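Below is the file structure.txt, which contains compact mmCIF, C-alpha atoms and all ligand atoms.
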# COMPACT_ATOMS: atom_id res chain seq x y z
CA MET K 1 -24.80 30.18 -69.61
CA THR K 2 -25.32 30.98 -73.28
CA GLY K 3 -27.09 33.50 -75.45
CA ILE K 4 -25.46 36.79 -74.52
CA THR K 5 -25.84 39.67 -76.97
CA VAL K 6 -24.19 43.05 -76.47
CA HIS K 7 -25.33 46.00 -78.58
CA GLY K 8 -23.10 48.98 -79.22
CA ILE K 9 -20.92 50.96 -81.60
CA PRO K 10 -17.47 49.33 -81.90
CA GLY K 11 -14.88 51.67 -80.42
CA SER K 12 -17.15 52.90 -77.61
CA PRO K 13 -15.15 52.64 -74.36
CA PHE K 14 -18.17 51.57 -72.31
CA LEU K 15 -19.00 48.84 -74.80
CA ARG K 16 -15.36 47.81 -74.74
CA ALA K 17 -15.36 47.52 -70.95
CA VAL K 18 -18.20 45.00 -71.22
CA GLU K 19 -16.38 43.10 -73.97
CA ILE K 20 -13.12 43.05 -71.98
CA VAL K 21 -14.93 41.55 -68.99
CA LEU K 22 -16.58 38.92 -71.22
CA LYS K 23 -13.17 38.03 -72.71
CA GLU K 24 -11.57 37.89 -69.24
CA LYS K 25 -14.25 35.38 -68.28
CA ASP K 26 -13.96 33.50 -71.60
CA ALA K 27 -17.73 33.88 -71.92
CA PRO K 28 -19.17 33.57 -75.43
CA TYR K 29 -21.26 36.47 -76.69
CA HIS K 30 -22.57 38.03 -79.84
CA LEU K 31 -21.73 41.66 -80.61
CA ARG K 32 -24.59 43.42 -82.37
CA ALA K 33 -22.57 46.24 -83.92
CA MET K 34 -24.64 49.40 -84.24
CA SER K 35 -23.88 52.31 -86.56
CA PRO K 36 -23.99 55.96 -85.43
CA ALA K 37 -27.09 56.38 -87.62
CA GLU K 38 -28.97 53.88 -85.45
CA MET K 39 -28.52 55.96 -82.29
CA ARG K 40 -31.82 57.19 -80.85
CA THR K 41 -33.95 55.48 -83.49
CA SER K 42 -37.15 54.05 -82.02
CA GLU K 43 -35.56 50.57 -82.09
CA HIS K 44 -32.61 51.87 -80.05
CA LEU K 45 -34.81 53.77 -77.60
CA ASP K 46 -36.88 50.61 -77.07
CA LEU K 47 -33.69 48.94 -75.80
CA HIS K 48 -32.28 51.97 -73.96
CA PRO K 49 -34.69 54.83 -73.27
CA PHE K 50 -31.75 57.19 -72.59
CA GLY K 51 -30.34 56.51 -76.07
CA ARG K 52 -26.92 55.27 -74.98
CA ILE K 53 -24.79 52.20 -75.44
CA PRO K 54 -23.97 49.45 -74.47
CA ILE K 55 -27.04 47.28 -74.02
CA PHE K 56 -26.79 43.73 -72.71
CA GLU K 57 -29.28 40.94 -73.41
CA GLU K 58 -29.37 37.39 -72.18
CA GLY K 59 -32.64 35.78 -73.19
CA ASP K 60 -35.36 37.99 -71.75
CA PHE K 61 -32.97 39.66 -69.28
CA ARG K 62 -32.00 43.08 -70.59
CA LEU K 63 -29.65 45.49 -68.85
CA TYR K 64 -28.07 48.83 -69.56
CA GLU K 65 -25.53 50.85 -67.53
CA THR K 66 -22.03 49.47 -67.91
CA GLN K 67 -21.40 49.13 -64.18
CA ALA K 68 -24.53 47.05 -63.73
CA ILE K 69 -23.58 44.84 -66.68
CA ILE K 70 -19.99 44.17 -65.63
CA ARG K 71 -20.90 43.61 -61.98
CA TYR K 72 -23.54 41.10 -63.12
CA LEU K 73 -20.98 39.34 -65.32
CA ASP K 74 -18.53 39.21 -62.43
CA ASP K 75 -21.25 37.58 -60.30
CA VAL K 76 -22.34 34.95 -62.80
CA PHE K 77 -18.89 34.15 -64.19
CA PRO K 78 -16.77 34.12 -61.02
CA ASN K 79 -13.45 33.21 -62.66
CA PRO K 80 -11.32 35.18 -62.69
CA GLY K 81 -12.84 37.37 -59.98
CA LEU K 82 -12.66 41.06 -60.82
CA THR K 83 -14.00 42.42 -57.51
CA PRO K 84 -11.69 42.30 -54.49
CA GLU K 85 -12.89 40.52 -51.34
CA ASP K 86 -11.24 43.01 -49.01
CA PRO K 87 -13.74 45.78 -48.09
CA ARG K 88 -11.17 48.57 -48.43
CA GLN K 89 -9.93 47.34 -51.78
CA ARG K 90 -13.53 46.97 -52.94
CA ALA K 91 -14.24 50.51 -51.76
CA ARG K 92 -11.23 51.73 -53.74
CA MET K 93 -12.53 49.97 -56.84
CA ASN K 94 -15.93 51.58 -56.35
CA GLN K 95 -14.33 54.98 -55.83
CA VAL K 96 -12.42 54.78 -59.12
CA ILE K 97 -15.57 53.66 -60.93
CA GLY K 98 -17.38 56.63 -59.38
CA ILE K 99 -14.68 59.02 -60.59
CA ILE K 100 -14.99 57.59 -64.10
CA GLU K 101 -18.79 57.91 -64.08
CA TRP K 102 -19.16 61.34 -62.51
CA TYR K 103 -16.09 63.32 -63.46
CA PHE K 104 -13.86 61.58 -65.95
CA PHE K 105 -16.30 60.41 -68.61
CA PRO K 106 -18.81 63.26 -68.77
CA LYS K 107 -16.37 66.14 -68.19
CA VAL K 108 -13.16 64.84 -69.80
CA ALA K 109 -13.38 61.79 -72.03
CA ALA K 110 -16.68 62.77 -73.64
CA PRO K 111 -15.73 66.33 -74.69
CA ILE K 112 -12.11 65.59 -75.59
CA GLY K 113 -12.74 62.15 -77.09
CA PHE K 114 -15.73 63.31 -79.10
CA ASN K 115 -14.07 66.45 -80.45
CA ARG K 116 -10.69 64.92 -81.19
CA ILE K 117 -11.53 61.31 -82.10
CA ILE K 118 -15.16 60.33 -82.65
CA GLY K 119 -16.35 63.51 -84.35
CA PRO K 120 -13.50 64.08 -86.82
CA ARG K 121 -12.56 60.45 -87.52
CA LEU K 122 -15.95 58.73 -87.49
CA LEU K 123 -18.50 61.43 -88.24
CA GLY K 124 -16.48 63.93 -90.29
CA LEU K 125 -17.20 66.77 -87.84
CA PRO K 126 -14.79 69.60 -86.94
CA ALA K 127 -13.41 69.75 -83.40
CA ASP K 128 -14.98 72.21 -80.96
CA GLU K 129 -11.72 73.64 -79.58
CA ALA K 130 -13.51 75.65 -76.87
CA ALA K 131 -15.10 72.49 -75.48
CA ILE K 132 -11.67 70.84 -75.35
CA ASP K 133 -10.09 73.86 -73.62
CA GLN K 134 -12.92 73.94 -71.11
CA ALA K 135 -12.36 70.27 -70.26
CA MET K 136 -8.65 70.62 -69.50
CA PRO K 137 -8.76 71.90 -65.88
CA ILE K 138 -11.00 69.08 -64.64
CA ALA K 139 -9.02 66.68 -66.83
CA ARG K 140 -5.85 67.62 -64.92
CA THR K 141 -7.64 67.07 -61.62
CA CYS K 142 -8.92 63.66 -62.78
CA PHE K 143 -5.51 62.48 -63.96
CA ALA K 144 -3.71 63.74 -60.85
CA GLU K 145 -6.22 62.00 -58.62
CA LEU K 146 -6.26 58.72 -60.56
CA ASP K 147 -2.47 58.75 -60.51
CA ARG K 148 -2.45 59.35 -56.74
CA LEU K 149 -4.95 56.54 -56.14
CA LEU K 150 -2.91 54.13 -58.25
CA GLY K 151 0.30 55.12 -56.48
CA ASP K 152 2.97 52.44 -56.67
CA LYS K 153 0.52 49.55 -56.94
CA GLN K 154 0.28 47.37 -60.04
CA TYR K 155 -3.49 47.92 -60.25
CA PHE K 156 -5.93 50.22 -58.44
CA THR K 157 -6.77 47.67 -55.77
CA GLY K 158 -3.41 45.93 -55.46
CA ASP K 159 -1.80 43.09 -57.38
CA ALA K 160 -4.79 42.05 -59.50
CA ALA K 161 -6.88 43.95 -62.02
CA SER K 162 -10.44 44.78 -61.01
CA LEU K 163 -13.51 46.14 -62.78
CA ALA K 164 -12.15 49.65 -62.15
CA ASP K 165 -8.93 48.92 -64.06
CA ILE K 166 -10.95 47.53 -66.94
CA MET K 167 -13.34 50.49 -67.12
CA LEU K 168 -10.48 52.98 -67.02
CA ALA K 169 -8.27 51.10 -69.49
CA ALA K 170 -11.12 51.08 -72.02
CA GLN K 171 -11.33 54.87 -71.68
CA LEU K 172 -7.62 55.71 -71.63
CA ASP K 173 -6.59 53.38 -74.45
CA LEU K 174 -8.74 55.43 -76.80
CA LEU K 175 -8.10 58.85 -75.27
CA GLU K 176 -4.34 58.39 -75.55
CA ASP K 177 -4.85 58.41 -79.30
CA CYS K 178 -5.14 62.22 -79.32
CA LYS K 179 -2.65 64.87 -78.28
CA GLU K 180 -4.48 66.03 -75.15
CA GLY K 181 -4.92 62.45 -73.95
CA ARG K 182 -1.24 61.68 -74.57
CA GLU K 183 -0.15 64.79 -72.72
CA LEU K 184 -2.43 64.16 -69.74
CA ILE K 185 -1.34 60.53 -69.38
CA SER K 186 2.35 61.14 -69.96
CA ARG K 187 2.49 63.79 -67.21
CA THR K 188 1.43 61.29 -64.55
CA ALA K 189 3.90 59.06 -62.73
CA ALA K 190 2.10 55.73 -62.66
CA LEU K 191 -0.61 55.69 -65.34
CA PRO K 192 1.68 55.11 -68.37
CA GLY K 193 3.13 51.89 -66.88
CA TRP K 194 -0.30 50.77 -65.71
CA LEU K 195 -1.79 51.37 -69.19
CA SER K 196 1.02 49.36 -70.78
CA ARG K 197 0.28 46.49 -68.38
CA MET K 198 -3.42 46.64 -69.17
CA ARG K 199 -2.69 46.67 -72.90
CA GLU K 200 -0.82 43.39 -72.59
CA ARG K 201 -3.92 41.55 -71.40
CA PRO K 202 -5.37 39.20 -74.05
CA SER K 203 -8.85 40.61 -73.31
CA VAL K 204 -7.67 44.13 -74.14
CA ILE K 205 -5.77 43.00 -77.24
CA ALA K 206 -8.85 41.11 -78.47
CA THR K 207 -11.14 44.16 -78.25
CA GLN K 208 -9.26 46.82 -80.21
CA PRO K 209 -11.25 49.81 -81.46
CA PRO K 210 -11.73 49.88 -85.24
CA ALA K 211 -8.76 51.20 -87.23
CA VAL K 212 -10.75 54.26 -88.39
CA LEU K 213 -10.65 55.60 -84.81
CA ARG K 214 -6.87 55.28 -84.55
CA GLU K 215 -4.81 58.36 -85.35
CA ALA K 216 -2.49 56.52 -87.69
CA ALA K 217 -5.42 55.14 -89.72
N1 LIG P 301 -23.75 55.54 -67.84
C1 LIG P 301 -23.77 54.91 -69.13
C2 LIG P 301 -23.01 55.76 -70.12
C3 LIG P 301 -23.03 55.16 -71.50
C4 LIG P 301 -22.54 56.15 -72.55
O1 LIG P 301 -22.55 57.38 -72.36
N2 LIG P 301 -22.10 55.61 -73.67
C5 LIG P 301 -21.66 56.44 -74.75
C6 LIG P 301 -20.66 55.71 -75.63
S1 LIG P 301 -19.14 55.36 -74.81
C7 LIG P 301 -22.84 56.79 -75.63
O2 LIG P 301 -23.82 56.07 -75.66
N3 LIG P 301 -22.72 57.87 -76.36
C8 LIG P 301 -23.66 58.19 -77.37
C9 LIG P 301 -24.32 59.51 -77.19
O3 LIG P 301 -24.18 60.11 -76.15
O4 LIG P 301 -25.01 59.88 -78.11
C10 LIG P 301 -23.18 53.50 -69.02
O5 LIG P 301 -22.41 53.28 -68.09
O6 LIG P 301 -23.48 52.63 -69.82

Have the structure of the file written as structure tokens, please.
Amino acid sequence: MTGITVHGIPGSPFLRAVEIVLKEKDAPYHLRAMSPAEMRTSEHLDLHPFGRIPIFEEGDFRLYETQAIIRYLDDVFPNPGLTPEDPRQRARMNQVIGIIEWYFFPKVAAPIGFNRIIGPRLLGLPADEAAIDQAMPIARTCFAELDRLLGDKQYFTGDAASLADIMLAAQLDLLEDCKEGRELISRTAALPGWLSRMRERPSVIATQPPAVLREAA
């Protein structure tokens, strides 16, 4: 299969999850890097009426929603498989993805990541400290629960990484680059070791966020 284009702003964790899956599968693709100024232009809204990224195109097949994109990629590029066969492991993967979608991203990663990383480093905006403070209680719940679900396993569903590990690694790799993210991760028992393992994967190494988003930059 050829002719895959992925649209998005480099550094976006959802875009990165798609890119990590493509790299895991060794599938060629073209990244159409968007700038923040392109968000919600009429061209963008034609591709994604909700004004978000990433957007996936393969010929005349267009898809948005990261889960839908990475599940499609896992279907059409079966090796390596990133969805467990076992129904309970697959349910665990889906549960973690659900936590990311419903609690972690909108209530934790978006407010903290935007106010500590994207806003100040990419857009020159001051941090909204109240929004960060408000996110901390649910952030603690998310991290405690993700840590509990990981337990003493190597990955969320056992010995092999799944789509859930990839989606979460894309989020945590960036979030750990601010003090709240570091504190939240470091207070868990299993997530620091898991994140180190995920960071060793060639697919994760090959999809680093731009230097401007990194604290040391
Ligand atoms: N449910 C969507 C969420 C996508 C999303 O929120 N992406 C963020 C970037 S990581 C975005 O587009 N933010 C831009 C904005 O909200 O203006 C998906 O899974 O693709």

> Near Thr141 (chain K), counting only C-alpha atoms, which residues have an atom at most 12 Å away, once you skip same-chain residues fewer than 5 positions from it, shown as a list of chain:residue names?
Replying inline: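 Close residues of Thr141 (chain K): K:Ile99, K:Tyr103, K:Phe104, K:Lys107, K:Val108, K:Ala135, K:Met136, K:Leu146, K:Asp147, K:Arg148, K:Leu184, K:Ile185, K:Thr188.
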
> Which one is closest to ligand LIG 301 (chain P): K:Arg90, K:Leu172, K:Pro80, K:Ala131? Count only C-alpha atoms and all ligand atoms.
Replying inline: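 The shortest atom-to-atom distance to ligand LIG 301 (chain P) comes from K:Leu172.
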
> Taking all atoms listed in the file into account, which of K:Leu123, K:Ile53, K:Ile166, K:Ile138 comes nearest ligand LIG 301 (chain P)?
Replying inline: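 Comparing K:Leu123, K:Ile53, K:Ile166, K:Ile138 against ligand LIG 301 (chain P), the winner is K:Ile53.
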
> Of the candidates K:Ser196, K:Ser186, K:Thr5, K:Thr157, which shows the shortest atom-to-atom distance to Pro54 (chain K), using all atoms listed in the file?
Replying inline: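 Looking at the shortest contact to Pro54 (chain K), the residue is K:Thr5.
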
>> Nearest residue to Phe77 (chain K) out of K:Pro36, K:Pro28, K:Pro111, K:Gly59, using all atoms listed in the file?
In response: K:Pro28

> What does the distance from CA of Met34 (chain K) to CA of Phe105 (chain K) come to in Å, to one decimal?
Replying inline: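 So the answer is 20.9 Å.
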
>> Tell me which residues come within 12 Å of (-14.7, 59.3, -80.1), as a PyMOL selection string, counting all atoms listed in the file in the file's coordinates.
In response: chain K and resi 9-14+36+105+108-125+127+171-178+181+209-210+212-215
